[in-house]
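Q: Sharing my_file-v6.pdb here; it has PDB, C-alpha atoms.
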MODEL        1
ATOM      1  CA  MET A   1     352.742 123.288 -17.337
ATOM      2  CA  GLY A   2     350.818 125.494 -14.992
ATOM      3  CA  THR A   3     353.019 128.261 -13.613
ATOM      4  CA  ASP A   4     351.548 131.176 -11.747
ATOM      5  CA  PRO A   5     353.476 134.076 -10.255
ATOM      6  CA  VAL A   6     352.681 134.479  -6.568
ATOM      7  CA  GLY A   7     354.497 137.556  -5.371
ATOM      8  CA  SER A   8     358.141 136.917  -6.228
ATOM      9  CA  THR A   9     357.688 133.121  -6.208
ATOM     10  CA  VAL A  10     356.748 130.930  -9.179
ATOM     11  CA  VAL A  11     354.374 128.102  -8.281
ATOM     12  CA  ARG A  12     354.462 124.976 -10.442
ATOM     13  CA  ILE A  13     351.222 123.014 -10.568
ATOM     14  CA  THR A  14     350.914 119.384 -11.610
ATOM     15  CA  THR A  15     347.474 117.797 -11.560
ATOM     16  CA  VAL A  16     347.579 114.079 -10.735
ATOM     17  CA  CYS A  17     344.762 111.840 -12.013
ATOM     18  CA  PRO A  18     345.598 108.614 -10.169
ATOM     19  CA  GLY A  19     342.627 106.505 -11.175
ATOM     20  CA  THR A  20     341.959 103.442  -9.048
ATOM     21  CA  THR A  21     344.455 103.277  -6.205
ATOM     22  CA  ALA A  22     345.239 100.107  -4.244
ATOM     23  CA  THR A  23     344.106 101.193  -0.793
ATOM     24  CA  GLU A  24     341.742  99.540   1.652
ATOM     25  CA  PHE A  25     338.935 101.852   0.470
ATOM     26  CA  HIS A  26     337.915  99.494  -2.337
ATOM     27  CA  THR A  27     338.160  96.411  -0.139
ATOM     28  CA  ARG A  28     335.932  97.985   2.495
ATOM     29  CA  ALA A  29     333.486  99.186  -0.165
ATOM     30  CA  GLY A  30     333.426  95.700  -1.691
ATOM     31  CA  THR A  31     334.339  96.976  -5.181
ATOM     32  CA  SER A  32     337.811  95.504  -5.601
ATOM     33  CA  ARG A  33     336.864  92.110  -7.015
ATOM     34  CA  SER A  34     336.368  92.839 -10.708
ATOM     35  CA  LEU A  35     339.237  91.933 -13.022
ATOM     36  CA  LEU A  36     339.427  95.393 -14.589
ATOM     37  CA  ALA A  37     339.465  97.057 -11.174
ATOM     38  CA  ARG A  38     342.293  94.806  -9.991
ATOM     39  CA  LEU A  39     344.300  95.300 -13.203
ATOM     40  CA  SER A  40     343.953  99.073 -13.182
ATOM     41  CA  MET A  41     344.804  99.568  -9.494
ATOM     42  CA  ALA A  42     348.119 101.273  -8.896
ATOM     43  CA  ARG A  43     350.131 101.253  -5.690
ATOM     44  CA  PRO A  44     350.154 104.615  -3.880
ATOM     45  CA  GLU A  45     353.983 104.625  -3.955
ATOM     46  CA  ALA A  46     353.991 104.269  -7.755
ATOM     47  CA  ILE A  47     351.485 107.120  -8.105
ATOM     48  CA  VAL A  48     353.589 109.427  -5.922
ATOM     49  CA  ALA A  49     356.782 108.548  -7.841
ATOM     50  CA  SER A  50     355.037 109.221 -11.160
ATOM     51  CA  ALA A  51     353.598 112.514  -9.896
ATOM     52  CA  LEU A  52     356.989 113.748  -8.656
ATOM     53  CA  ARG A  53     358.659 112.760 -11.950
ATOM     54  CA  ALA A  54     355.966 114.621 -13.917
ATOM     55  CA  SER A  55     356.351 117.691 -11.721
ATOM     56  CA  ASP A  56     360.148 117.654 -12.157
ATOM     57  CA  ARG A  57     359.643 117.476 -15.933
ATOM     58  CA  GLY A  58     357.240 120.415 -15.857
ATOM     59  CA  ARG A  59     354.115 118.508 -16.869
ATOM     60  CA  ALA A  60     350.758 120.081 -15.995
ATOM     61  CA  VAL A  61     348.761 116.813 -15.926
ATOM     62  CA  VAL A  62     349.796 113.213 -15.285
ATOM     63  CA  ASN A  63     347.839 109.938 -15.519
ATOM     64  CA  PRO A  64     350.066 107.404 -13.733
ATOM     65  CA  GLY A  65     350.138 103.897 -15.187
ATOM     66  CA  LEU A  66     349.586 102.574 -18.691
ATOM     67  CA  ILE A  67     346.135 101.114 -18.047
ATOM     68  CA  ASN A  68     344.965 104.315 -16.336
ATOM     69  CA  HIS A  69     346.263 106.354 -19.264
ATOM     70  CA  LEU A  70     344.539 104.078 -21.804
ATOM     71  CA  LEU A  71     341.259 104.108 -19.852
ATOM     72  CA  THR A  72     341.350 107.894 -19.600
ATOM     73  CA  PHE A  73     341.965 108.234 -23.331
ATOM     74  CA  SER A  74     339.354 105.614 -24.310
ATOM     75  CA  ILE A  75     336.605 107.530 -22.504
ATOM     76  CA  ARG A  76     336.927 110.248 -25.157
ATOM     77  CA  LEU A  77     336.078 107.712 -27.864
ATOM     78  CA  THR A  78     333.323 105.815 -26.038
ATOM     79  CA  PRO A  79     329.644 106.882 -26.013
ATOM     80  CA  ARG A  80     328.660 108.379 -22.655
ATOM     81  CA  PHE A  81     325.879 105.838 -21.960
ATOM     82  CA  LEU A  82     328.424 103.032 -22.314
ATOM     83  CA  VAL A  83     330.938 104.746 -20.032
ATOM     84  CA  THR A  84     328.184 105.143 -17.422
ATOM     85  CA  ARG A  85     327.195 101.466 -17.602
ATOM     86  CA  ILE A  86     330.774 100.246 -17.417
ATOM     87  CA  SER A  87     331.476 102.528 -14.449
ATOM     88  CA  ALA A  88     328.384 101.224 -12.668
ATOM     89  CA  LEU A  89     329.544  97.637 -13.207
ATOM     90  CA  LEU A  90     333.034  98.396 -11.915
ATOM     91  CA  MET A  91     331.766 100.142  -8.805
ATOM     92  CA  ARG A  92     329.002  97.630  -8.046
ATOM     93  CA  PRO A  93     329.285  96.339  -4.476
ATOM     94  CA  SER A  94     330.048  92.650  -4.075
ATOM     95  CA  CYS A  95     327.569  92.267  -1.177
ATOM     96  CA  PRO A  96     324.003  93.567  -0.823
ATOM     97  CA  PRO A  97     323.599  96.603   1.449
ATOM     98  CA  VAL A  98     322.321  96.113   5.012
ATOM     99  CA  THR A  99     319.869  98.505   6.662
ATOM    100  CA  ILE A 100     320.503  99.193  10.346
ATOM    101  CA  PRO A 101     317.768 100.892  12.417
ATOM    102  CA  ARG A 102     318.864 103.734  14.685
ATOM    103  CA  PRO A 103     317.327 104.795  18.017
ATOM    104  CA  ASP A 104     316.072 108.067  16.502
ATOM    105  CA  GLN A 105     313.878 106.055  14.052
ATOM    106  CA  SER A 106     316.101 106.814  11.061
ATOM    107  CA  THR A 107     318.099 104.116   9.302
ATOM    108  CA  ILE A 108     321.658 103.754   8.121
ATOM    109  CA  LEU A 109     322.485 101.983   4.887
ATOM    110  CA  VAL A 110     325.701 100.016   5.389
ATOM    111  CA  GLN A 111     327.722  98.147   2.803
ATOM    112  CA  VAL A 112     329.250  95.009   4.251
ATOM    113  CA  SER A 113     332.079  93.393   2.329
ATOM    114  CA  LYS A 114     333.121  89.781   2.652
ATOM    115  CA  GLN A 115     336.499  89.333   4.270
ATOM    116  CA  ARG A 116     338.881  86.830   2.695
TER     117      ARG A 116
ENDMDL
END
Taking this structure as input, can you express it in the form of structure tokens?

A:
Amino acid sequence: MGTDPVGSTVVRITTVCPGTTATEFHTRAGTSRSLLARLSMARPEAIVASALRASDRGRAVVNPGLINHLLTFSIRLTPRFLVTRISALLMRPSCPPVTIPRPDQSTILVQVSKQR
């Protein structure tokens, strides 16, 4: 566990690696439709509970959730090019991007997701 003396106070540090979290970010980005993404998403409440438990136990690093833990470990055994391709597939938008012209002649690239 990371403990650092700060004056007369000891600071305990726990690093949380939450992985994919079930928030509206992925829905808005259009990346929440793949099976692996849906299976590996954890609820924010579960991540917080896991992080607090790990901190109470003095752990320096925590990967909440079994699937997140397995995915994190499997990356060590998988060739980098394969990890990159799989990550690209998981984060691929479900809708094509839309270009919106702006008055100052520049453009904005916007990702529009389908609402269910």

Q: Provide the CA of Asn68 (chain A) to CA of Glu45 (chain A) distance in Å, to one decimal place.

A: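 We find that CA of Asn68 (chain A) and CA of Glu45 (chain A) lie 15.3 Å from each other.
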
Q: Given the PyMOL selection byres ((chain A and resi 66) around 12) and the file above, list the residues it selects as an MDAnalysis selection string.

A: chainID A and resid 18:19 39:42 46:47 50 62:65 67:73

Q: Expanded to explicit residues, what is the PyMOL selection byres ((chain A and resi 60) around 12) for this file, as a list in words?

A: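 Applying the PyMOL selection byres ((chain A and resi 60) around 12) to the structure shown produces Met1, Gly2, Thr3, Asp4, Val11, Arg12, Ile13, Thr14, Thr15, Val16, Cys17, Ala51, Leu52, Arg53, Ala54, Ser55, Asp56, Arg57, Gly58, Arg59, Val61, Val62 and Asn63 of chain A.
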
Q: Go ahead and compute the interatomic distance for CA of Leu90 (chain A) and CA of Arg38 (chain A), in Å to one decimal.

A: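 So the two atoms, CA of Leu90 (chain A) and CA of Arg38 (chain A), lie 10.1 Å apart.
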
Q: What gap, in Å, lies between CA of Arg43 (chain A) and CA of Thr20 (chain A)?

A: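 According to the coordinates, CA of Arg43 (chain A) and CA of Thr20 (chain A) are separated by 9.1 Å.
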
Q: Rank nothing, just name the residue among A:Ala49, A:Thr78, A:His26, A:Pro44 nearest to Met91 (chain A), using all atoms listed in the file.

A: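 Among the listed residues, the smallest separation from Met91 (chain A) belongs to A:His26.
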
Q: Between A:Thr21, A:Thr27, A:Ser87, A:Ser8, which residue has the minimum interatomic distance to Val48 (chain A), considering all atoms listed in the file?

A: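 Checking each of A:Thr21, A:Thr27, A:Ser87, A:Ser8 against Val48 (chain A), counting all atoms listed in the file, the winner is A:Thr21.
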
Q: Complete region 33-58 of chain A at the level of N, CA and C atoms, written as a JSON list (two decimals), keeping the file's coordinate frame.

A:
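See part_14.json below for the written result:
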[["chain", "number", "residue", "atom", "x", "y", "z"],
["A", 33, "ARG", "N", 336.80, 93.48, -6.53],
["A", 33, "ARG", "CA", 336.86, 92.11, -7.02],
["A", 33, "ARG", "C", 336.86, 91.97, -8.53],
["A", 34, "SER", "N", 336.43, 92.98, -9.26],
["A", 34, "SER", "CA", 336.37, 92.84, -10.71],
["A", 34, "SER", "C", 337.78, 92.80, -11.29],
["A", 35, "LEU", "N", 337.93, 92.08, -12.39],
["A", 35, "LEU", "CA", 339.24, 91.93, -13.02],
["A", 35, "LEU", "C", 339.79, 93.28, -13.47],
["A", 36, "LEU", "N", 338.96, 94.09, -14.12],
["A", 36, "LEU", "CA", 339.43, 95.39, -14.59],
["A", 36, "LEU", "C", 339.85, 96.28, -13.42],
["A", 37, "ALA", "N", 339.10, 96.25, -12.34],
["A", 37, "ALA", "CA", 339.46, 97.06, -11.17],
["A", 37, "ALA", "C", 340.81, 96.61, -10.62],
["A", 38, "ARG", "N", 341.02, 95.30, -10.52],
["A", 38, "ARG", "CA", 342.29, 94.81, -9.99],
["A", 38, "ARG", "C", 343.46, 95.12, -10.93],
["A", 39, "LEU", "N", 343.23, 95.02, -12.24],
["A", 39, "LEU", "CA", 344.30, 95.30, -13.20],
["A", 39, "LEU", "C", 344.67, 96.78, -13.24],
["A", 40, "SER", "N", 343.69, 97.64, -13.05],
["A", 40, "SER", "CA", 343.95, 99.07, -13.18],
["A", 40, "SER", "C", 344.41, 99.72, -11.88],
["A", 41, "MET", "N", 344.38, 98.98, -10.77],
["A", 41, "MET", "CA", 344.80, 99.57, -9.49],
["A", 41, "MET", "C", 346.31, 99.77, -9.46],
["A", 42, "ALA", "N", 346.70, 100.95, -9.03],
["A", 42, "ALA", "CA", 348.12, 101.27, -8.90],
["A", 42, "ALA", "C", 348.45, 101.41, -7.42],
["A", 43, "ARG", "N", 349.67, 101.08, -7.07],
["A", 43, "ARG", "CA", 350.13, 101.25, -5.69],
["A", 43, "ARG", "C", 350.33, 102.74, -5.41],
["A", 44, "PRO", "N", 349.98, 103.20, -4.22],
["A", 44, "PRO", "CA", 350.15, 104.62, -3.88],
["A", 44, "PRO", "C", 351.59, 105.10, -4.10],
["A", 45, "GLU", "N", 352.58, 104.25, -3.79],
["A", 45, "GLU", "CA", 353.98, 104.62, -3.96],
["A", 45, "GLU", "C", 354.31, 104.90, -5.42],
["A", 46, "ALA", "N", 353.75, 104.08, -6.32],
["A", 46, "ALA", "CA", 353.99, 104.27, -7.76],
["A", 46, "ALA", "C", 353.34, 105.56, -8.25],
["A", 47, "ILE", "N", 352.17, 105.88, -7.72],
["A", 47, "ILE", "CA", 351.48, 107.12, -8.10],
["A", 47, "ILE", "C", 352.29, 108.33, -7.66],
["A", 48, "VAL", "N", 352.79, 108.31, -6.43],
["A", 48, "VAL", "CA", 353.59, 109.43, -5.92],
["A", 48, "VAL", "C", 354.86, 109.59, -6.75],
["A", 49, "ALA", "N", 355.54, 108.48, -7.05],
["A", 49, "ALA", "CA", 356.78, 108.55, -7.84],
["A", 49, "ALA", "C", 356.50, 109.14, -9.22],
["A", 50, "SER", "N", 355.41, 108.71, -9.84],
["A", 50, "SER", "CA", 355.04, 109.22, -11.16],
["A", 50, "SER", "C", 354.69, 110.71, -11.10],
["A", 51, "ALA", "N", 353.98, 111.11, -10.06],
["A", 51, "ALA", "CA", 353.60, 112.51, -9.90],
["A", 51, "ALA", "C", 354.82, 113.40, -9.70],
["A", 52, "LEU", "N", 355.77, 112.95, -8.89],
["A", 52, "LEU", "CA", 356.99, 113.75, -8.66],
["A", 52, "LEU", "C", 357.83, 113.85, -9.92],
["A", 53, "ARG", "N", 357.93, 112.74, -10.68],
["A", 53, "ARG", "CA", 358.66, 112.76, -11.95],
["A", 53, "ARG", "C", 358.02, 113.75, -12.92],
["A", 54, "ALA", "N", 356.68, 113.71, -13.01],
["A", 54, "ALA", "CA", 355.97, 114.62, -13.92],
["A", 54, "ALA", "C", 356.17, 116.08, -13.50],
["A", 55, "SER", "N", 356.14, 116.33, -12.21],
["A", 55, "SER", "CA", 356.35, 117.69, -11.72],
["A", 55, "SER", "C", 357.76, 118.17, -12.04],
["A", 56, "ASP", "N", 358.76, 117.29, -11.84],
["A", 56, "ASP", "CA", 360.15, 117.65, -12.16],
["A", 56, "ASP", "C", 360.33, 117.95, -13.64],
["A", 57, "ARG", "N", 359.55, 117.27, -14.48],
["A", 57, "ARG", "CA", 359.64, 117.48, -15.93],
["A", 57, "ARG", "C", 358.78, 118.64, -16.42],
["A", 58, "GLY", "N", 358.05, 119.26, -15.49],
["A", 58, "GLY", "CA", 357.24, 120.42, -15.86],
["A", 58, "GLY", "C", 355.90, 120.09, -16.49]]
